[in-house]
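Peer 1: The following block contains the structure, expressed as structure tokens.
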Amino acid sequence: MTPPNPTTAAGDGLENSAKGYFETVYLQQYGFWKLPDLTTGAKLMTGGFAAILIGFARWHMAQSVEADKLPLSVILTLFFILLICGFLLFFDRRRVDGDYAKLVVVVCAGVTLGCGVIGLDRLVPWIVPVWDWAGVRHLSPGIVHLLVPVISATVAGFLLWLNTIFQSSLGEYFRDRRVTAWTIAIWATICVGIWLVIRAADLIIN
Amino acid sequence: MRIIGLWSLVFVLTASSGAAFAEDARTFCRSLRASGLVSEFTPPGTIFYRADRQTIATLGGEISRNVQRLYYYVRPSRAQAGQASLLNIKYVFKSAKRNPRSDYVQLWNDSWDHRKNRAYRSGIVNACSTVTVPGYERFHLQGSREYCLSTYFHQRAPSLETLDTDNRRSSFAFGDMVETSEANFIRQLFGLVTPGSAQAGQVVVNRNSLVRSWIKNVKYQREADRCIEIDTEFPDGAESFQLRVTNHVTQSSTYFPTRTWTVSFVR
């Protein structure tokens, strides 16, 4: 009897994780209850990519990426996301078991995507023009700090919306009021998530 | 009544002794000129302070902890007369104790004093109160985005655009003054070289240092000299400090005269 090859087993595991991850990314949509259950490997890869993009967005926004600050900020952001998702789902009468985890996955994917939009500023500068625009209008610094999370969440939200349409259809999207309501709720949660991870969590920690 | 009288006397004595050591820059400059310590041949960029009520001293390698204020004496060259110029003053402490605010750069731009709207001014101070030391360095050396630094801390036209060249922008960084030991996973992942890493032979100031930086926007007049106030708040445990002044001279200049003082406290 031949013992199983550990290298091949690990390789298969990685392959399955990557497959699960890309499937999850491909299926992201506002109708989160339609998502399949995530494998552990896919969850780990989602977390890994999220950590890289969040870290890069924080680095680009001149926030601390030190080993003692970054994980704490991410954990605090995740805590608030879990709290908000639980609160929002409480009001959805059509919820079923497992929806909570899927909703959190969609929001986290949105936050990660938003951080990617912030990182994109490195290639296509969009943040400074936004700040200049705000400066001309004498907006208060508190409001200006919300502009970057709102804009990046809107871009991420739009991409999610396109994928939602791609997964179903435009007509189906507007017919299902549950999906429309969750579009607004998820977008707002992504805004809060990005704002927390690039600024507000640090203010709470300190 | 006696108690009130006694307290009044104590208050007057305290206030008068404080005023003697932390007078405003104009008064100090008058005393400095009267003392004969400065003349038109005095090299620009000398720092003076009140050693006691009668004595004005030049900043050297040692200083008493009781000194509350330093004064940077500057005299423009004829070439820059009438043109806007900027002074960037920064200092860091070498401290044995951990300071809870050590992760933040304390910033000040003297143009903020002229804002009439109090709410807006406090908004600026609030926005500029959470700039981290590594963030400050990345903004100046690696192009990271920081709202306070790009909008409020640096001068924009029509005063003076301090970020118009990479050279000018990087001159605001702390460079070798602060060791920003970013033990972060990004550096580990991508092998990025973080700015501010101290090199061999340079003065290393640990992460627990209190870091300050100001911009003093000074518009020179022909043959006029000035004293610029530098307030000194030495925290407990401070052993020494480094002070660096960069004079941005004029908009068109590419060479910025910089001078650094490394000062320890008299025991």
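Quick note on naming: the chains in the structure tokens go A, B, ... in the order shown, residues restart at 1 in each chain, and ligands are numbered from 1 in order of appearance.
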Report as a PDB file with all heavy atoms, in the first residue's frame all protein, DNA and RNA residues lying within 8 Å of Gly20 (chain A), evaluated on only C-alpha atoms, omitting residues in the same chain fewer than 3 positions from it.
Peer 2:
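Writing the result to result-v3.pdb gives the following:
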ATOM      1  N   ASN A  16      -7.404  23.833  -4.494  1.00  0.00           N
ATOM      2  CA  ASN A  16      -8.827  23.916  -4.134  1.00  0.00           C
ATOM      3  C   ASN A  16      -9.163  25.252  -3.484  1.00  0.00           C
ATOM      4  O   ASN A  16     -10.217  25.830  -3.732  1.00  0.00           O
ATOM      5  CB  ASN A  16      -9.202  22.771  -3.177  1.00  0.00           C
ATOM      6  CG  ASN A  16      -9.271  21.449  -3.913  1.00  0.00           C
ATOM      7  OD1 ASN A  16      -9.533  21.423  -5.125  1.00  0.00           O
ATOM      8  ND2 ASN A  16      -9.006  20.365  -3.211  1.00  0.00           N
ATOM      9  N   SER A  17      -8.221  25.739  -2.627  1.00  0.00           N
ATOM     10  CA  SER A  17      -8.434  27.026  -1.953  1.00  0.00           C
ATOM     11  C   SER A  17      -8.515  28.149  -2.968  1.00  0.00           C
ATOM     12  O   SER A  17      -9.413  28.998  -2.908  1.00  0.00           O
ATOM     13  CB  SER A  17      -7.282  27.325  -0.977  1.00  0.00           C
ATOM     14  OG  SER A  17      -7.204  26.329  -0.020  1.00  0.00           O
ATOM     15  N   GLU A  23     -13.894  31.507  -7.221  1.00  0.00           N
ATOM     16  CA  GLU A  23     -15.341  31.285  -7.367  1.00  0.00           C
ATOM     17  C   GLU A  23     -16.119  32.282  -6.513  1.00  0.00           C
ATOM     18  O   GLU A  23     -17.113  32.876  -6.948  1.00  0.00           O
ATOM     19  CB  GLU A  23     -15.699  29.850  -6.958  1.00  0.00           C
ATOM     20  CG  GLU A  23     -15.629  28.873  -8.119  1.00  0.00           C
ATOM     21  CD  GLU A  23     -15.880  27.431  -7.675  1.00  0.00           C
ATOM     22  OE1 GLU A  23     -16.266  27.226  -6.492  1.00  0.00           O
ATOM     23  OE2 GLU A  23     -15.671  26.543  -8.500  1.00  0.00           O
ATOM     24  N   THR A  24     -15.617  32.481  -5.300  1.00  0.00           N
ATOM     25  CA  THR A  24     -16.280  33.412  -4.369  1.00  0.00           C
ATOM     26  C   THR A  24     -16.237  34.829  -4.919  1.00  0.00           C
ATOM     27  O   THR A  24     -17.236  35.543  -4.886  1.00  0.00           O
ATOM     28  CB  THR A  24     -15.570  33.372  -2.987  1.00  0.00           C
ATOM     29  OG1 THR A  24     -15.438  32.024  -2.591  1.00  0.00           O
ATOM     30  CG2 THR A  24     -16.342  34.148  -1.938  1.00  0.00           C
ATOM     31  N   LEU A  38     -18.672  28.907   1.770  1.00  0.00           N
ATOM     32  CA  LEU A  38     -17.235  29.048   1.514  1.00  0.00           C
ATOM     33  C   LEU A  38     -16.442  27.911   2.158  1.00  0.00           C
ATOM     34  O   LEU A  38     -16.762  27.493   3.274  1.00  0.00           O
ATOM     35  CB  LEU A  38     -16.732  30.370   2.102  1.00  0.00           C
ATOM     36  CG  LEU A  38     -16.545  31.521   1.119  1.00  0.00           C
ATOM     37  CD1 LEU A  38     -17.896  32.046   0.685  1.00  0.00           C
ATOM     38  CD2 LEU A  38     -15.742  32.622   1.759  1.00  0.00           C
ATOM     39  N   THR A  39     -15.409  27.462   1.452  1.00  0.00           N
ATOM     40  CA  THR A  39     -14.510  26.473   2.056  1.00  0.00           C
ATOM     41  C   THR A  39     -13.515  27.206   2.963  1.00  0.00           C
ATOM     42  O   THR A  39     -13.315  28.421   2.815  1.00  0.00           O
ATOM     43  CB  THR A  39     -13.718  25.720   0.963  1.00  0.00           C
ATOM     44  OG1 THR A  39     -12.952  26.692   0.235  1.00  0.00           O
ATOM     45  CG2 THR A  39     -14.634  24.978   0.011  1.00  0.00           C
ATOM     46  N   GLY A  41     -10.286  27.021   2.997  1.00  0.00           N
ATOM     47  CA  GLY A  41      -9.172  27.535   2.185  1.00  0.00           C
ATOM     48  C   GLY A  41      -9.524  28.849   1.510  1.00  0.00           C
ATOM     49  O   GLY A  41      -8.723  29.792   1.485  1.00  0.00           O
ATOM     50  N   ALA A  42     -10.753  28.911   0.973  1.00  0.00           N
ATOM     51  CA  ALA A  42     -11.204  30.139   0.314  1.00  0.00           C
ATOM     52  C   ALA A  42     -11.271  31.288   1.311  1.00  0.00           C
ATOM     53  O   ALA A  42     -10.889  32.425   1.003  1.00  0.00           O
ATOM     54  CB  ALA A  42     -12.567  29.920  -0.322  1.00  0.00           C
TER      55      ALA A  42
END
Peer 1: Any idea which chain A residues end up within 9 Å of chain B if we count only C-alpha atoms, as number ranges by chain please?
Peer 2: A: 52, 55-56, 59-68, 70, 122, 127-128, 131-132, 135, 138, 140-142, 144-145, 202-203, 206
Peer 1: Any chance you could export the current selection's N, CA and C atoms as an mmCIF file, in the first residue's frame?
Peer 2:
data_model
loop_
_atom_site.group_PDB
_atom_site.id
_atom_site.type_symbol
_atom_site.label_atom_id
_atom_site.label_comp_id
_atom_site.auth_asym_id
_atom_site.auth_seq_id
_atom_site.Cartn_x
_atom_site.Cartn_y
_atom_site.Cartn_z
ATOM 1 N N ILE A 52 -3.456 42.204 2.614
ATOM 2 C CA ILE A 52 -2.479 42.886 1.755
ATOM 3 C C ILE A 52 -3.039 44.216 1.255
ATOM 4 N N GLY A 55 -3.561 46.722 4.162
ATOM 5 C CA GLY A 55 -2.243 47.228 4.576
ATOM 6 C C GLY A 55 -1.697 48.244 3.589
ATOM 7 N N PHE A 56 -1.852 47.955 2.295
ATOM 8 C CA PHE A 56 -1.336 48.876 1.286
ATOM 9 C C PHE A 56 -2.107 50.199 1.297
ATOM 10 N N TRP A 59 -0.938 52.154 4.215
ATOM 11 C CA TRP A 59 0.411 52.659 3.932
ATOM 12 C C TRP A 59 0.321 53.887 3.025
ATOM 13 N N HIS A 60 -0.532 53.786 2.015
ATOM 14 C CA HIS A 60 -0.684 54.888 1.058
ATOM 15 C C HIS A 60 -1.337 56.110 1.704
ATOM 16 N N MET A 61 -2.224 55.868 2.680
ATOM 17 C CA MET A 61 -2.892 56.985 3.356
ATOM 18 C C MET A 61 -2.107 57.432 4.597
ATOM 19 N N ALA A 62 -0.829 57.111 4.648
ATOM 20 C CA ALA A 62 0.088 57.531 5.713
ATOM 21 C C ALA A 62 -0.372 57.092 7.101
ATOM 22 N N GLN A 63 -1.066 55.953 7.174
ATOM 23 C CA GLN A 63 -1.447 55.393 8.474
ATOM 24 C C GLN A 63 -0.407 54.359 8.912
ATOM 25 N N SER A 64 -0.422 54.057 10.175
ATOM 26 C CA SER A 64 0.567 53.125 10.703
ATOM 27 C C SER A 64 0.349 51.712 10.151
ATOM 28 N N VAL A 65 1.438 51.082 9.719
ATOM 29 C CA VAL A 65 1.355 49.678 9.295
ATOM 30 C C VAL A 65 2.273 48.833 10.167
ATOM 31 N N GLU A 66 2.538 49.352 11.359
ATOM 32 C CA GLU A 66 3.400 48.616 12.277
ATOM 33 C C GLU A 66 2.666 47.375 12.786
ATOM 34 N N ALA A 67 3.471 46.393 13.178
ATOM 35 C CA ALA A 67 2.907 45.100 13.571
ATOM 36 C C ALA A 67 1.950 45.211 14.762
ATOM 37 N N ASP A 68 2.133 46.240 15.612
ATOM 38 C CA ASP A 68 1.263 46.357 16.782
ATOM 39 C C ASP A 68 0.001 47.179 16.506
ATOM 40 N N LEU A 70 -1.530 47.645 12.955
ATOM 41 C CA LEU A 70 -2.330 47.167 11.817
ATOM 42 C C LEU A 70 -3.315 46.061 12.206
ATOM 43 N N ARG A 122 -2.136 55.391 -6.551
ATOM 44 C CA ARG A 122 -0.697 55.366 -6.834
ATOM 45 C C ARG A 122 -0.457 55.465 -8.350
ATOM 46 N N ILE A 127 -7.040 61.170 -5.389
ATOM 47 C CA ILE A 127 -7.305 61.655 -4.028
ATOM 48 C C ILE A 127 -6.998 63.151 -3.895
ATOM 49 N N VAL A 128 -5.848 63.568 -4.408
ATOM 50 C CA VAL A 128 -5.479 64.989 -4.288
ATOM 51 C C VAL A 128 -6.489 65.904 -4.998
ATOM 52 N N TRP A 131 -9.394 66.285 -2.691
ATOM 53 C CA TRP A 131 -9.078 67.177 -1.564
ATOM 54 C C TRP A 131 -9.015 68.635 -2.006
ATOM 55 N N ASP A 132 -8.462 68.844 -3.200
ATOM 56 C CA ASP A 132 -8.416 70.222 -3.732
ATOM 57 C C ASP A 132 -9.827 70.769 -3.918
ATOM 58 N N GLY A 135 -11.157 71.622 -0.654
ATOM 59 C CA GLY A 135 -10.492 72.818 -0.122
ATOM 60 C C GLY A 135 -11.080 74.090 -0.694
ATOM 61 N N HIS A 138 -14.164 74.947 1.068
ATOM 62 C CA HIS A 138 -13.963 75.168 2.509
ATOM 63 C C HIS A 138 -14.727 74.149 3.359
ATOM 64 N N SER A 140 -15.210 71.212 6.022
ATOM 65 C CA SER A 140 -14.474 70.987 7.280
ATOM 66 C C SER A 140 -13.605 69.726 7.146
ATOM 67 N N PRO A 141 -12.471 69.680 7.860
ATOM 68 C CA PRO A 141 -11.573 68.525 7.750
ATOM 69 C C PRO A 141 -12.256 67.202 8.081
ATOM 70 N N GLY A 142 -13.204 67.228 9.024
ATOM 71 C CA GLY A 142 -13.929 66.009 9.392
ATOM 72 C C GLY A 142 -14.692 65.439 8.212
ATOM 73 N N VAL A 144 -14.049 66.138 5.024
ATOM 74 C CA VAL A 144 -13.084 65.784 3.969
ATOM 75 C C VAL A 144 -12.522 64.375 4.198
ATOM 76 N N HIS A 145 -12.323 64.023 5.473
ATOM 77 C CA HIS A 145 -11.799 62.690 5.769
ATOM 78 C C HIS A 145 -12.787 61.580 5.401
ATOM 79 N N ASP A 202 -7.956 53.738 14.212
ATOM 80 C CA ASP A 202 -6.742 54.251 14.868
ATOM 81 C C ASP A 202 -7.088 55.283 15.916
ATOM 82 N N LEU A 203 -8.085 56.112 15.619
ATOM 83 C CA LEU A 203 -8.485 57.128 16.584
ATOM 84 C C LEU A 203 -9.073 56.486 17.833
ATOM 85 N N ASN A 206 -6.144 54.773 19.832
ATOM 86 C CA ASN A 206 -5.278 55.712 20.538
ATOM 87 C C ASN A 206 -6.057 56.573 21.518
#
Peer 1: What is the CA of Arg50 (chain B)-CA of Asp24 (chain B) distance in Å, reported with one decimal?
Peer 2: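 Here the two named atoms are 11.7 Å from each other.
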Peer 1: Select from chain A everything DSSP, run on the backbone, classes as alpha helix (DSSP H), then give the selection as a PyMOL selection string.
Peer 2: chain A and resi 6-27+40-60+70-90+99-119+127-136+141-167+170-175+177-195+201-205
Peer 1: Using only C-alpha atoms for the distances, tell me which of A:Leu196, A:Ala185, A:Gly157, A:Ile75 is nearest to Phe87 (chain A).
Peer 2: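 Going through A:Leu196, A:Ala185, A:Gly157, A:Ile75 one by one, the smallest distance to Phe87 (chain A) is for A:Ala185.
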Peer 1: I'd like to know which of A:Cys115, A:Val104, A:Val130, A:Val25 is closest to Asn163 (chain A), using only C-alpha atoms.
Peer 2: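 Smallest distance to Asn163 (chain A) is found for A:Val25.
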Peer 1: Could you work out how far CA of Ser73 (chain A) lies from CA of Thr112 (chain A), giving the answer in Å with one decimal?
Peer 2: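 Going from CA of Thr112 (chain A) over to CA of Ser73 (chain A), I get 14.1 Å.
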Peer 1: If I take CA of Val179 (chain A) and CA of Gly86 (chain A), how far is one from the other in Å, to one decimal?
Peer 2: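 Atom-to-atom, CA of Val179 (chain A) and CA of Gly86 (chain A) are spaced 17.1 Å apart.
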Peer 1: Near Ser85 (chain B), within 6 Å and counting only C-alpha atoms, which residues show up once chain neighbours fewer than 3 positions away are dropped, as a list in words?
Peer 2: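 These residues fall inside the cut-off: Val218, Lys219, His248, Val249 and Thr250 of chain B.
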Peer 1: With distances taken over only C-alpha atoms, which residue among B:Glu161, B:Phe153, B:Tyr73, B:Thr232 lies nearest Phe48 (chain B)?
Peer 2: B:Tyr73
